[in-house]
Amino acid sequence: MISAFLGLIFAGGLVALIAIGMAFLLDVTMPTRSTNFRAILAACVAGFLPMLLPIAAILGATEGQSMVIALIPLLIGAVLLALLIGFPVALWFSRKRESSGSGSIDSDTFK
């Protein structure tokens with residue numbers, strides 16, 4: 001019981017850290033895009049990245065209709081991770097970074 005709870009906390013923390021990292025990377029590389037677009041993209045990456053290993057294992061081990069049946073729960077889980085953990089964390093980080101003005105560079109910096 002305790003190990004399952006700790007596993008959920010670890011998985012949620014991992015998704016949150018990936019979402020923050022992707023939101024930062026997207027904020028630096030695509031500053032002209034909207035905050036919502038960057039948060040959605042960061043959440044999708046954060047939700048699906050932890051699921052890539054199980055998806056690859058199922059794709060390599062099963063064939064036919066049983067593969068589809070085995071992939072559906074993983075895909076639903078990835079979408080839920082992205083919606084429930086990744087998107088709120090990425091949106092919060094993007095808005096906080098936008099409001100602090102961390103992305104802007106003074107014009108006197110490189111003179």
# chains A, B, ... in the order shown; residues from 1 in each chain; ligands from 1

call {"tool": "residues_around", "arguments": {"residues": "stretch 11-21 of chain A", "least_positions_apart": "2", "cutoff": "7 Å", "atoms": "only C-alpha atoms", "output": "number ranges by chain"}}
result
A: 7-9, 23-25, 42-43, 46-47, 85-86, 89-90, 93

call {"tool": "atom_distance", "arguments": {"atom1": "atom CA of A:Leu80", "atom2": "atom CA of A:Thr35"}}
result
20.7 Å

call {"tool": "closest_residue", "arguments": {"among": "A:Ile40, A:Thr32, A:Met51, A:Ala4", "to": "A:Ala78", "atoms": "only C-alpha atoms"}}
result
A:Met51

call {"tool": "residues_around", "arguments": {"residues": "A:Leu75", "least_positions_apart": "5", "cutoff": "12 Å", "atoms": "only C-alpha atoms", "output": "ChimeraX atom specification"}}
result
/A:44,47-52,54-55,58,68-70,80-82

call {"tool": "write_last_selection", "arguments": {"atoms": "N, CA and C atoms", "output": "PDB file, in the first residue's frame"}}
result
ATOM      1  N   CYS A  44       1.994  17.408 -23.360  1.00  0.00           N
ATOM      2  CA  CYS A  44       1.955  16.202 -24.196  1.00  0.00           C
ATOM      3  C   CYS A  44       3.262  15.426 -24.111  1.00  0.00           C
ATOM      4  N   GLY A  47       3.493  13.828 -20.645  1.00  0.00           N
ATOM      5  CA  GLY A  47       2.581  12.711 -20.439  1.00  0.00           C
ATOM      6  C   GLY A  47       3.004  11.460 -21.189  1.00  0.00           C
ATOM      7  N   PHE A  48       3.531  11.636 -22.394  1.00  0.00           N
ATOM      8  CA  PHE A  48       3.841  10.475 -23.218  1.00  0.00           C
ATOM      9  C   PHE A  48       5.263   9.962 -23.047  1.00  0.00           C
ATOM     10  N   LEU A  49       6.188  10.784 -22.589  1.00  0.00           N
ATOM     11  CA  LEU A  49       7.575  10.337 -22.441  1.00  0.00           C
ATOM     12  C   LEU A  49       7.730   9.175 -21.449  1.00  0.00           C
ATOM     13  N   PRO A  50       7.114   9.225 -20.264  1.00  0.00           N
ATOM     14  CA  PRO A  50       7.246   8.067 -19.359  1.00  0.00           C
ATOM     15  C   PRO A  50       6.571   6.795 -19.876  1.00  0.00           C
ATOM     16  N   MET A  51       5.642   6.937 -20.805  1.00  0.00           N
ATOM     17  CA  MET A  51       4.925   5.778 -21.333  1.00  0.00           C
ATOM     18  C   MET A  51       5.609   5.150 -22.546  1.00  0.00           C
ATOM     19  N   LEU A  52       6.687   5.739 -23.030  1.00  0.00           N
ATOM     20  CA  LEU A  52       7.317   5.206 -24.238  1.00  0.00           C
ATOM     21  C   LEU A  52       7.902   3.808 -24.035  1.00  0.00           C
ATOM     22  N   PRO A  54       6.967   1.301 -21.822  1.00  0.00           N
ATOM     23  CA  PRO A  54       5.934   0.252 -21.864  1.00  0.00           C
ATOM     24  C   PRO A  54       5.285   0.094 -23.233  1.00  0.00           C
ATOM     25  N   ILE A  55       5.091   1.197 -23.949  1.00  0.00           N
ATOM     26  CA  ILE A  55       4.508   1.105 -25.284  1.00  0.00           C
ATOM     27  C   ILE A  55       5.439   0.330 -26.212  1.00  0.00           C
ATOM     28  N   ILE A  58       5.293  -3.401 -25.386  1.00  0.00           N
ATOM     29  CA  ILE A  58       4.076  -4.046 -25.889  1.00  0.00           C
ATOM     30  C   ILE A  58       4.134  -4.201 -27.408  1.00  0.00           C
ATOM     31  N   VAL A  68      -3.502  -3.979 -29.685  1.00  0.00           N
ATOM     32  CA  VAL A  68      -4.367  -2.805 -29.569  1.00  0.00           C
ATOM     33  C   VAL A  68      -5.023  -2.767 -28.198  1.00  0.00           C
ATOM     34  N   ILE A  69      -5.479  -3.928 -27.736  1.00  0.00           N
ATOM     35  CA  ILE A  69      -6.118  -4.002 -26.421  1.00  0.00           C
ATOM     36  C   ILE A  69      -5.122  -3.652 -25.322  1.00  0.00           C
ATOM     37  N   ALA A  70      -3.873  -4.019 -25.479  1.00  0.00           N
ATOM     38  CA  ALA A  70      -2.863  -3.704 -24.472  1.00  0.00           C
ATOM     39  C   ALA A  70      -2.406  -2.253 -24.546  1.00  0.00           C
ATOM     40  N   LEU A  80      -4.173  11.070 -19.555  1.00  0.00           N
ATOM     41  CA  LEU A  80      -4.547  11.522 -18.213  1.00  0.00           C
ATOM     42  C   LEU A  80      -3.374  12.176 -17.494  1.00  0.00           C
ATOM     43  N   LEU A  81      -2.173  11.612 -17.629  1.00  0.00           N
ATOM     44  CA  LEU A  81      -1.001  12.243 -17.025  1.00  0.00           C
ATOM     45  C   LEU A  81      -0.773  13.632 -17.607  1.00  0.00           C
ATOM     46  N   ALA A  82      -0.936  13.753 -18.915  1.00  0.00           N
ATOM     47  CA  ALA A  82      -0.736  15.048 -19.558  1.00  0.00           C
ATOM     48  C   ALA A  82      -1.791  16.058 -19.102  1.00  0.00           C
TER      49      ALA A  82
END
